[in-house]
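Participant: One file: input.pdb (PDB, C-alpha atoms, pLDDT in the B column).
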```pdb
ATOM      1  CA  MET A 246     -22.408 -21.232  44.916  1.00 63.00           C
ATOM      2  CA  ALA A 247     -19.153 -20.505  46.759  1.00 60.00           C
ATOM      3  CA  ALA A 248     -19.097 -20.299  50.542  1.00 54.00           C
ATOM      4  CA  ALA A 249     -18.065 -16.634  50.348  1.00 58.00           C
ATOM      5  CA  ASP A 250     -21.221 -15.845  48.361  1.00 68.00           C
ATOM      6  CA  TYR A 251     -23.373 -17.365  51.115  1.00 56.00           C
ATOM      7  CA  VAL A 252     -21.617 -15.232  53.704  1.00 53.00           C
ATOM      8  CA  VAL A 253     -22.270 -12.050  51.742  1.00 62.00           C
ATOM      9  CA  VAL A 254     -25.959 -12.890  51.284  1.00 64.00           C
ATOM     10  CA  PHE A 255     -26.411 -13.756  54.969  1.00 57.00           C
ATOM     11  CA  LEU A 256     -24.766 -10.515  56.089  1.00 56.00           C
ATOM     12  CA  ILE A 257     -26.797  -8.360  53.711  1.00 60.00           C
ATOM     13  CA  THR A 258     -30.029 -10.012  54.806  1.00 63.00           C
ATOM     14  CA  LEU A 259     -29.294  -9.702  58.507  1.00 57.00           C
ATOM     15  CA  LEU A 260     -27.990  -6.142  58.333  1.00 57.00           C
ATOM     16  CA  SER A 261     -30.991  -5.008  56.287  1.00 55.00           C
ATOM     17  CA  LEU A 262     -33.168  -5.933  59.247  1.00 56.00           C
ATOM     18  CA  ALA A 263     -30.781  -4.633  61.886  1.00 51.00           C
ATOM     19  CA  TRP A 264     -30.721  -1.181  60.232  1.00 48.00           C
ATOM     20  CA  SER A 265     -34.483  -0.914  59.891  1.00 47.00           C
ATOM     21  CA  PRO A 266     -36.225   1.748  62.056  1.00 45.00           C
ATOM     22  CA  ALA A 267     -37.883  -0.920  64.174  1.00 46.00           C
ATOM     23  CA  ILE A 268     -34.554  -2.813  64.589  1.00 47.00           C
ATOM     24  CA  ALA A 269     -36.320  -5.897  65.977  1.00 49.00           C
ATOM     25  CA  THR A 270     -39.685  -6.965  67.249  1.00 63.00           C
ATOM     26  CA  ASP A 271     -38.139  -8.709  70.240  1.00 80.00           C
ATOM     27  CA  ASP A 272     -36.969  -6.737  73.275  1.00 77.00           C
ATOM     28  CA  LYS A 273     -33.435  -5.370  73.097  1.00 77.00           C
ATOM     29  CA  PRO A 274     -30.887  -7.359  75.108  1.00 80.00           C
ATOM     30  CA  LEU A 275     -29.415  -5.732  78.197  1.00 80.00           C
ATOM     31  CA  GLN A 276     -26.245  -7.841  78.171  1.00 87.00           C
ATOM     32  CA  ASP A 277     -23.766  -9.100  75.574  1.00 91.00           C
ATOM     33  CA  TYR A 278     -25.651 -12.359  75.165  1.00 91.00           C
ATOM     34  CA  CYS A 279     -28.115 -14.665  76.887  1.00 90.00           C
ATOM     35  CA  VAL A 280     -27.576 -18.209  75.635  1.00 93.00           C
ATOM     36  CA  ALA A 281     -30.876 -20.040  76.055  1.00 93.00           C
ATOM     37  CA  ASP A 282     -31.180 -22.368  79.019  1.00 91.00           C
ATOM     38  CA  LYS A 283     -33.782 -24.790  77.656  1.00 85.00           C
ATOM     39  CA  GLY A 284     -34.202 -26.285  81.124  1.00 81.00           C
ATOM     40  CA  GLY A 285     -34.985 -22.939  82.733  1.00 69.00           C
ATOM     41  CA  VAL A 286     -38.332 -21.228  83.218  1.00 73.00           C
ATOM     42  CA  PRO A 287     -39.388 -19.363  80.026  1.00 73.00           C
ATOM     43  CA  MET A 288     -40.088 -15.641  80.522  1.00 70.00           C
ATOM     44  CA  ASN A 289     -41.071 -14.316  77.085  1.00 76.00           C
ATOM     45  CA  GLY A 290     -38.039 -16.170  75.815  1.00 82.00           C
ATOM     46  CA  PHE A 291     -35.622 -18.493  77.541  1.00 89.00           C
ATOM     47  CA  ALA A 292     -33.726 -17.955  80.754  1.00 89.00           C
ATOM     48  CA  CYS A 293     -29.985 -17.328  80.444  1.00 90.00           C
ATOM     49  CA  LYS A 294     -27.411 -20.050  80.739  1.00 91.00           C
ATOM     50  CA  SER A 295     -24.443 -19.323  82.998  1.00 92.00           C
ATOM     51  CA  PRO A 296     -21.780 -17.454  80.950  1.00 92.00           C
ATOM     52  CA  GLN A 297     -19.117 -19.694  82.438  1.00 93.00           C
ATOM     53  CA  SER A 298     -20.580 -22.740  80.643  1.00 94.00           C
ATOM     54  CA  VAL A 299     -21.173 -21.115  77.228  1.00 95.00           C
ATOM     55  CA  THR A 300     -19.422 -22.590  74.172  1.00 96.00           C
ATOM     56  CA  ALA A 301     -18.933 -21.383  70.597  1.00 97.00           C
ATOM     57  CA  ASP A 302     -21.188 -24.179  69.306  1.00 97.00           C
ATOM     58  CA  GLU A 303     -24.161 -22.445  70.954  1.00 97.00           C
ATOM     59  CA  PHE A 304     -23.710 -19.540  68.512  1.00 97.00           C
ATOM     60  CA  SER A 305     -23.287 -21.717  65.434  1.00 97.00           C
ATOM     61  CA  PHE A 306     -25.385 -23.694  62.944  1.00 96.00           C
ATOM     62  CA  SER A 307     -24.388 -25.909  60.014  1.00 94.00           C
ATOM     63  CA  GLY A 308     -26.615 -26.895  57.137  1.00 87.00           C
ATOM     64  CA  LEU A 309     -27.834 -23.822  55.258  1.00 92.00           C
ATOM     65  CA  ASN A 310     -25.611 -24.862  52.338  1.00 93.00           C
ATOM     66  CA  LYS A 311     -27.572 -28.123  51.985  1.00 94.00           C
ATOM     67  CA  ALA A 312     -30.838 -28.420  50.062  1.00 96.00           C
ATOM     68  CA  GLY A 313     -33.848 -29.512  52.088  1.00 97.00           C
ATOM     69  CA  ASP A 314     -35.875 -32.605  51.175  1.00 98.00           C
ATOM     70  CA  THR A 315     -38.758 -31.447  48.969  1.00 98.00           C
ATOM     71  CA  ASN A 316     -40.111 -34.954  48.331  1.00 98.00           C
ATOM     72  CA  ASN A 317     -43.530 -34.213  49.824  1.00 97.00           C
ATOM     73  CA  PRO A 318     -46.979 -33.139  48.524  1.00 95.00           C
ATOM     74  CA  ALA A 319     -46.111 -29.421  48.800  1.00 97.00           C
ATOM     75  CA  GLY A 320     -42.738 -29.802  47.065  1.00 98.00           C
ATOM     76  CA  PHE A 321     -41.280 -27.536  49.737  1.00 98.00           C
ATOM     77  CA  LYS A 322     -38.939 -27.662  52.727  1.00 98.00           C
ATOM     78  CA  ALA A 323     -37.988 -24.972  55.251  1.00 98.00           C
ATOM     79  CA  THR A 324     -34.718 -25.276  57.166  1.00 97.00           C
ATOM     80  CA  LEU A 325     -35.173 -23.106  60.262  1.00 96.00           C
ATOM     81  CA  VAL A 326     -32.455 -21.301  62.196  1.00 96.00           C
ATOM     82  CA  THR A 327     -34.220 -19.877  65.253  1.00 96.00           C
ATOM     83  CA  VAL A 328     -33.374 -19.866  68.952  1.00 94.00           C
ATOM     84  CA  ASN A 329     -34.386 -23.530  68.945  1.00 93.00           C
ATOM     85  CA  GLN A 330     -31.437 -24.323  66.659  1.00 95.00           C
ATOM     86  CA  ILE A 331     -28.961 -21.689  67.947  1.00 96.00           C
ATOM     87  CA  PRO A 332     -29.336 -21.054  71.691  1.00 95.00           C
ATOM     88  CA  GLY A 333     -27.155 -17.955  71.322  1.00 95.00           C
ATOM     89  CA  LEU A 334     -29.961 -16.249  69.370  1.00 94.00           C
ATOM     90  CA  ASN A 335     -31.877 -15.840  72.631  1.00 93.00           C
ATOM     91  CA  THR A 336     -32.678 -12.090  73.115  1.00 91.00           C
ATOM     92  CA  GLN A 337     -30.961 -11.172  69.824  1.00 93.00           C
ATOM     93  CA  GLY A 338     -34.152 -10.510  67.844  1.00 93.00           C
ATOM     94  CA  VAL A 339     -33.218 -12.250  64.602  1.00 94.00           C
ATOM     95  CA  SER A 340     -33.521 -15.642  62.889  1.00 96.00           C
ATOM     96  CA  MET A 341     -33.099 -17.147  59.423  1.00 96.00           C
ATOM     97  CA  VAL A 342     -34.572 -19.829  57.202  1.00 97.00           C
ATOM     98  CA  ARG A 343     -33.599 -21.610  54.002  1.00 98.00           C
ATOM     99  CA  LEU A 344     -36.540 -22.310  51.680  1.00 98.00           C
ATOM    100  CA  ASP A 345     -36.212 -25.099  49.098  1.00 98.00           C
ATOM    101  CA  PHE A 346     -38.722 -25.718  46.314  1.00 98.00           C
ATOM    102  CA  ALA A 347     -39.153 -28.587  43.884  1.00 98.00           C
ATOM    103  CA  ALA A 348     -40.519 -27.672  40.445  1.00 98.00           C
ATOM    104  CA  GLY A 349     -44.015 -26.307  41.124  1.00 98.00           C
ATOM    105  CA  GLY A 350     -43.404 -26.393  44.879  1.00 98.00           C
ATOM    106  CA  VAL A 351     -45.421 -24.098  47.148  1.00 98.00           C
ATOM    107  CA  ASN A 352     -44.889 -22.601  50.592  1.00 98.00           C
ATOM    108  CA  ALA A 353     -48.607 -22.358  51.373  1.00 97.00           C
ATOM    109  CA  PRO A 354     -50.187 -19.141  52.723  1.00 98.00           C
ATOM    110  CA  HIS A 355     -49.033 -18.595  56.287  1.00 98.00           C
ATOM    111  CA  ILE A 356     -48.375 -15.961  58.949  1.00 98.00           C
ATOM    112  CA  HIS A 357     -45.394 -15.090  61.140  1.00 98.00           C
ATOM    113  CA  PRO A 358     -47.123 -13.458  64.133  1.00 96.00           C
ATOM    114  CA  ARG A 359     -43.944 -12.050  65.675  1.00 95.00           C
ATOM    115  CA  ALA A 360     -41.775 -10.971  62.740  1.00 96.00           C
ATOM    116  CA  SER A 361     -41.335  -9.225  59.432  1.00 97.00           C
ATOM    117  CA  GLU A 362     -39.455 -11.222  56.806  1.00 98.00           C
ATOM    118  CA  MET A 363     -36.981 -10.310  54.085  1.00 98.00           C
ATOM    119  CA  LEU A 364     -36.386 -12.959  51.412  1.00 98.00           C
ATOM    120  CA  ILE A 365     -33.608 -13.191  48.816  1.00 98.00           C
ATOM    121  CA  VAL A 366     -33.930 -15.641  45.913  1.00 98.00           C
ATOM    122  CA  MET A 367     -30.669 -17.541  45.453  1.00 97.00           C
ATOM    123  CA  GLU A 368     -31.620 -19.845  42.563  1.00 98.00           C
ATOM    124  CA  GLY A 369     -34.635 -20.160  40.293  1.00 98.00           C
ATOM    125  CA  SER A 370     -37.793 -18.076  39.984  1.00 98.00           C
ATOM    126  CA  LEU A 371     -40.315 -17.545  42.783  1.00 98.00           C
ATOM    127  CA  GLU A 372     -43.736 -15.966  42.691  1.00 98.00           C
ATOM    128  CA  VAL A 373     -44.194 -14.295  46.078  1.00 98.00           C
ATOM    129  CA  GLY A 374     -46.969 -12.254  47.631  1.00 98.00           C
ATOM    130  CA  PHE A 375     -48.856 -11.090  50.681  1.00 98.00           C
ATOM    131  CA  VAL A 376     -52.405  -9.937  51.399  1.00 98.00           C
ATOM    132  CA  THR A 377     -53.192  -6.681  53.182  1.00 98.00           C
ATOM    133  CA  THR A 378     -55.754  -6.405  55.985  1.00 97.00           C
ATOM    134  CA  LEU A 379     -59.407  -5.367  55.715  1.00 97.00           C
ATOM    135  CA  PRO A 380     -61.071  -3.600  54.070  1.00 96.00           C
ATOM    136  CA  GLU A 381     -58.820  -3.814  50.997  1.00 96.00           C
ATOM    137  CA  THR A 382     -57.417  -7.372  51.372  1.00 96.00           C
ATOM    138  CA  LYS A 383     -55.196  -6.477  48.412  1.00 98.00           C
ATOM    139  CA  LEU A 384     -52.791  -9.059  47.003  1.00 98.00           C
ATOM    140  CA  ILE A 385     -49.288  -7.621  46.555  1.00 98.00           C
ATOM    141  CA  THR A 386     -47.391 -10.078  44.355  1.00 98.00           C
ATOM    142  CA  LYS A 387     -44.317 -10.303  42.134  1.00 98.00           C
ATOM    143  CA  VAL A 388     -42.156 -12.881  40.361  1.00 98.00           C
ATOM    144  CA  LEU A 389     -38.560 -12.771  41.614  1.00 98.00           C
ATOM    145  CA  GLN A 390     -35.405 -13.992  39.930  1.00 98.00           C
ATOM    146  CA  ALA A 391     -32.100 -14.985  41.538  1.00 97.00           C
ATOM    147  CA  GLY A 392     -30.564 -12.024  43.371  1.00 96.00           C
ATOM    148  CA  GLU A 393     -33.870 -10.199  43.922  1.00 98.00           C
ATOM    149  CA  ALA A 394     -35.397  -9.541  47.344  1.00 97.00           C
ATOM    150  CA  PHE A 395     -38.890  -9.054  48.775  1.00 98.00           C
ATOM    151  CA  VAL A 396     -40.294  -7.990  52.152  1.00 98.00           C
ATOM    152  CA  PHE A 397     -43.284  -9.587  53.883  1.00 98.00           C
ATOM    153  CA  PRO A 398     -44.735  -7.262  56.574  1.00 97.00           C
ATOM    154  CA  GLN A 399     -45.234  -8.664  60.040  1.00 97.00           C
ATOM    155  CA  ALA A 400     -48.290 -10.865  60.660  1.00 97.00           C
ATOM    156  CA  LEU A 401     -49.661 -10.595  57.101  1.00 98.00           C
ATOM    157  CA  THR A 402     -50.627 -13.736  55.173  1.00 98.00           C
ATOM    158  CA  HIS A 403     -47.993 -14.525  52.541  1.00 98.00           C
ATOM    159  CA  PHE A 404     -46.767 -17.309  50.244  1.00 98.00           C
ATOM    160  CA  GLN A 405     -44.070 -18.359  47.774  1.00 98.00           C
ATOM    161  CA  ARG A 406     -44.358 -20.574  44.685  1.00 98.00           C
ATOM    162  CA  ASN A 407     -41.710 -21.944  42.331  1.00 98.00           C
ATOM    163  CA  VAL A 408     -42.665 -20.825  38.824  1.00 98.00           C
ATOM    164  CA  GLY A 409     -39.413 -21.867  37.157  1.00 97.00           C
ATOM    165  CA  LYS A 410     -38.675 -25.070  35.271  1.00 95.00           C
ATOM    166  CA  GLY A 411     -36.220 -26.450  37.809  1.00 97.00           C
ATOM    167  CA  THR A 412     -35.680 -26.308  41.546  1.00 98.00           C
ATOM    168  CA  ALA A 413     -35.391 -23.055  43.467  1.00 98.00           C
ATOM    169  CA  PHE A 414     -34.221 -21.880  46.844  1.00 97.00           C
ATOM    170  CA  ALA A 415     -34.170 -18.697  48.882  1.00 98.00           C
ATOM    171  CA  ILE A 416     -32.741 -17.400  52.135  1.00 97.00           C
ATOM    172  CA  ALA A 417     -34.862 -15.263  54.455  1.00 98.00           C
ATOM    173  CA  ALA A 418     -34.188 -13.318  57.649  1.00 97.00           C
ATOM    174  CA  LEU A 419     -36.824 -12.503  60.268  1.00 97.00           C
ATOM    175  CA  ASN A 420     -36.603  -9.935  63.049  1.00 95.00           C
ATOM    176  CA  SER A 421     -37.463 -12.267  65.902  1.00 95.00           C
ATOM    177  CA  GLN A 422     -35.528 -15.077  67.574  1.00 93.00           C
ATOM    178  CA  ASN A 423     -38.747 -17.130  67.396  1.00 92.00           C
ATOM    179  CA  PRO A 424     -41.060 -15.681  64.713  1.00 96.00           C
ATOM    180  CA  GLY A 425     -43.627 -18.482  64.796  1.00 95.00           C
ATOM    181  CA  THR A 426     -45.441 -19.868  61.751  1.00 97.00           C
ATOM    182  CA  GLN A 427     -49.189 -20.366  61.403  1.00 97.00           C
ATOM    183  CA  PRO A 428     -50.320 -21.963  58.104  1.00 97.00           C
ATOM    184  CA  VAL A 429     -53.682 -20.386  57.282  1.00 97.00           C
ATOM    185  CA  LEU A 430     -55.508 -23.455  55.970  1.00 95.00           C
ATOM    186  CA  ALA A 431     -54.065 -25.765  58.600  1.00 94.00           C
ATOM    187  CA  ALA A 432     -55.179 -23.352  61.322  1.00 96.00           C
ATOM    188  CA  VAL A 433     -58.752 -23.184  60.002  1.00 96.00           C
ATOM    189  CA  LEU A 434     -59.192 -26.797  58.939  1.00 96.00           C
ATOM    190  CA  GLY A 435     -56.663 -28.715  61.002  1.00 95.00           C
ATOM    191  CA  SER A 436     -56.844 -27.346  64.542  1.00 96.00           C
ATOM    192  CA  ASN A 437     -56.931 -29.759  67.482  1.00 95.00           C
ATOM    193  CA  PRO A 438     -59.737 -30.080  68.394  1.00 95.00           C
ATOM    194  CA  LYS A 439     -61.411 -29.052  65.149  1.00 96.00           C
ATOM    195  CA  ILE A 440     -63.246 -25.738  64.798  1.00 96.00           C
ATOM    196  CA  PRO A 441     -66.949 -26.668  64.639  1.00 97.00           C
ATOM    197  CA  VAL A 442     -67.988 -27.592  61.110  1.00 97.00           C
ATOM    198  CA  GLU A 443     -70.884 -25.140  61.245  1.00 97.00           C
ATOM    199  CA  VAL A 444     -68.523 -22.236  62.005  1.00 97.00           C
ATOM    200  CA  VAL A 445     -66.178 -23.014  59.128  1.00 96.00           C
ATOM    201  CA  ALA A 446     -69.062 -23.735  56.735  1.00 97.00           C
ATOM    202  CA  LYS A 447     -70.643 -20.380  57.562  1.00 97.00           C
ATOM    203  CA  ALA A 448     -67.339 -18.557  57.074  1.00 95.00           C
ATOM    204  CA  LEU A 449     -66.678 -20.265  53.737  1.00 94.00           C
ATOM    205  CA  GLN A 450     -70.345 -20.200  52.693  1.00 95.00           C
ATOM    206  CA  ALA A 451     -69.945 -23.888  51.958  1.00 95.00           C
ATOM    207  CA  ASP A 452     -71.834 -27.116  52.635  1.00 96.00           C
ATOM    208  CA  ASN A 453     -71.130 -28.880  55.950  1.00 97.00           C
ATOM    209  CA  ASN A 454     -70.211 -32.083  54.117  1.00 97.00           C
ATOM    210  CA  LEU A 455     -67.587 -30.267  52.049  1.00 96.00           C
ATOM    211  CA  VAL A 456     -66.040 -28.766  55.185  1.00 96.00           C
ATOM    212  CA  THR A 457     -65.948 -32.186  56.860  1.00 96.00           C
ATOM    213  CA  GLN A 458     -64.195 -33.576  53.789  1.00 95.00           C
ATOM    214  CA  LEU A 459     -61.638 -30.759  53.826  1.00 94.00           C
ATOM    215  CA  GLN A 460     -61.008 -31.141  57.551  1.00 95.00           C
ATOM    216  CA  SER A 461     -60.276 -34.840  57.036  1.00 94.00           C
ATOM    217  CA  LYS A 462     -57.261 -33.885  54.898  1.00 91.00           C
ATOM    218  CA  PHE A 463     -55.631 -32.171  57.900  1.00 88.00           C
ATOM    219  CA  LYS A 464     -54.769 -34.747  60.544  1.00 75.00           C
TER     220      LYS A 464
END
```
Translate the structure described by the file into C-alpha cells.
Facilitator:
Amino acid sequence: MAAADYVVVFLITLLSLAWSPAIATDDKPLQDYCVADKGGVPMNGFACKSPQSVTADEFSFSGLNKAGDTNNPAGFKATLVTVNQIPGLNTQGVSMVRLDFAAGGVNAPHIHPRASEMLIVMEGSLEVGFVTTLPETKLITKVLQAGEAFVFPQALTHFQRNVGKGTAFAIAALNSQNPGTQPVLAAVLGSNPKIPVEVVAKALQADNNLVTQLQSKFK
C-alpha cells in the first residue's frame, strides 16, 4: 500500500471520531497543546512540558507501516500509538493502533474502559464483534473485508479474529489519549494476586480444580 493511502485512511479514521457528537471522552484542551512531561505529577493525564523545550518529534511516530510480530500463541500483535508513544497526544483525546493477525490469529475479548473504537480493515478478512450489557448480553458481529469499518462502543467487551486464508491487518482510532485495555480472561484468571478460586468457580459454575488449572495458564 502506498504511503498516500495510509495518510488518507488515518485522516478518515481520526476525523470520524473528531466529528462525532461526543468529540472525545477526554477533557477538551484549554491550550494549543500540552506535550506530556513524563517526569511531572500526573493529574488525570500528564503535566505539561514547557513550550520552549517542545520539538516536532514529540508529535510524531514512525512504524505504523510495518507489520507487527505475530509469532505468538494468539497470532496477534497490536502496535499502540497513545500518549505513551507520542507525548504531544496529551490532552488531545485521540489515539491509534495497528492490529496485525497471522492466519487464524485472534485479538481476544477485551475492554477499553476510556474509549470508543473505530476500526478499518486494510488487508484480509476479520470477524469482529462486541457484546451488549445485561440483560440482553447480545453478540453484535460481522465479517469485514478490506476497506470496511466497524465501531466498538466504549467499555463493551469486543474481539477480532482473522478468518481469511492469509495474514490481515487493520488500523483503529480511539477517542482517548490513553484508552486502556483490559483482556477479559486475563483479568478474571490472571490478576495479581489471583481472585479466590472459590469466587471464580462459583461465577463459572465450574470445579475448583478446573479453575486452578485455568489460572495456572495466566502467569
Participant: At what distance in Å, to one decimal, does atom CA of A:Gln458 lie from atom CA of A:Thr382?
Facilitator: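 Atom CA of A:Gln458 lies 27.2 Å from atom CA of A:Thr382.
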Participant: How far is it from atom CA of A:Asp272 to atom CA of A:Pro424, in Å with one decimal?
Facilitator: 13.0 Å
Participant: For the structure shown, which residues end up in the PyMOL selection byres ((chain A and resi 354-370) around 8)? Put them as an MDAnalysis selection string, please?
Facilitator: chainID A and resid 258 262 270 352:353 371:372 388:405 407:409 411:421 423:430
Participant: Return the single residue from A:Gly333, A:Val328, A:Lys464, A:Ala319 that is closest to A:Lys294, with distances computed using all atoms listed in the file.
Facilitator: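 The shortest atom-to-atom distance to A:Lys294 comes from A:Gly333.
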Participant: Hey, which of A:Met341, A:Leu459, A:Gln422, A:Val444 ends up closest to A:Ala281? Count only C-alpha atoms.
Facilitator: A:Gln422
Participant: Which one is closest to A:Asn453: A:Pro441, A:Asp277, A:Val339, A:Asn316? Count only C-alpha atoms.
Facilitator: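 Ranking A:Pro441, A:Asp277, A:Val339, A:Asn316 by distance to A:Asn453, first place goes to A:Pro441.
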Participant: Return the padded bounding box of stretch 447-452 of chain A as lines of an AutoDock Vina configuration file: axis-aligned, built from all atoms listed in the file, 8 Å added on each side, with centre and edge lengths in Å to one decimal.
Facilitator:
```
center_x = -69.3
center_y = -22.8
center_z = 54.8
size_x = 21.2
size_y = 24.6
size_z = 21.6
```
Participant: Please measure the separation of atom CA of A:Cys279 and atom CA of A:Val326, giving the value in Å to one decimal.
Facilitator: 16.7 Å
Participant: Counting all atoms listed in the file, write as an MDAnalysis selection string all protein and nucleic acid residues lying at most 10 Å from (-59.5, -27.0, 61.7) in the file's frame.
Facilitator: chainID A and resid 429:442 445 456:457 459:464
Participant: Please complete stretch 449-464 of chain A with N, CA, C and O atoms and give it back as a compact mmCIF listing (two decimals), in the frame of the given file.
Facilitator:
```
# COMPACT_ATOMS: atom_id res chain seq x y z
N LEU A 449 -67.00 -19.98 55.13
CA LEU A 449 -66.68 -20.26 53.74
C LEU A 449 -67.90 -20.24 52.83
O LEU A 449 -67.76 -20.34 51.61
N GLN A 450 -69.09 -20.11 53.44
CA GLN A 450 -70.34 -20.20 52.69
C GLN A 450 -70.37 -21.50 51.88
O GLN A 450 -70.66 -21.51 50.69
N ALA A 451 -70.05 -22.58 52.59
CA ALA A 451 -69.94 -23.89 51.96
C ALA A 451 -70.83 -24.89 52.69
O ALA A 451 -71.30 -24.65 53.80
N ASP A 452 -71.04 -26.03 52.06
CA ASP A 452 -71.83 -27.12 52.64
C ASP A 452 -71.07 -27.79 53.77
O ASP A 452 -69.84 -27.94 53.70
N ASN A 453 -71.77 -28.21 54.82
CA ASN A 453 -71.13 -28.88 55.95
C ASN A 453 -70.35 -30.11 55.52
O ASN A 453 -69.27 -30.39 56.04
N ASN A 454 -70.88 -30.87 54.57
CA ASN A 454 -70.21 -32.08 54.12
C ASN A 454 -68.87 -31.76 53.44
O ASN A 454 -67.89 -32.50 53.61
N LEU A 455 -68.83 -30.67 52.69
CA LEU A 455 -67.59 -30.27 52.05
C LEU A 455 -66.55 -29.89 53.10
O LEU A 455 -65.37 -30.26 52.99
N VAL A 456 -66.96 -29.16 54.12
CA VAL A 456 -66.04 -28.77 55.18
C VAL A 456 -65.51 -30.00 55.92
O VAL A 456 -64.31 -30.10 56.21
N THR A 457 -66.38 -30.95 56.21
CA THR A 457 -65.95 -32.19 56.86
C THR A 457 -64.92 -32.91 56.01
O THR A 457 -63.92 -33.45 56.52
N GLN A 458 -65.13 -32.93 54.70
CA GLN A 458 -64.19 -33.58 53.79
C GLN A 458 -62.85 -32.86 53.81
O GLN A 458 -61.78 -33.50 53.85
N LEU A 459 -62.88 -31.53 53.79
CA LEU A 459 -61.64 -30.76 53.83
C LEU A 459 -60.90 -30.94 55.14
O LEU A 459 -59.68 -31.09 55.17
N GLN A 460 -61.64 -30.94 56.25
CA GLN A 460 -61.01 -31.14 57.55
C GLN A 460 -60.32 -32.48 57.65
O GLN A 460 -59.29 -32.62 58.34
N SER A 461 -60.84 -33.49 56.97
CA SER A 461 -60.28 -34.84 57.04
C SER A 461 -58.89 -34.90 56.39
O SER A 461 -58.11 -35.82 56.64
N LYS A 462 -58.57 -33.93 55.55
CA LYS A 462 -57.26 -33.88 54.90
C LYS A 462 -56.18 -33.34 55.82
O LYS A 462 -54.98 -33.43 55.52
N PHE A 463 -56.58 -32.73 56.94
CA PHE A 463 -55.63 -32.17 57.90
C PHE A 463 -55.70 -32.97 59.18
O PHE A 463 -56.63 -32.81 59.98
N LYS A 464 -54.76 -33.87 59.38
CA LYS A 464 -54.77 -34.75 60.54
C LYS A 464 -54.19 -34.02 61.75
O LYS A 464 -53.29 -33.22 61.64
```
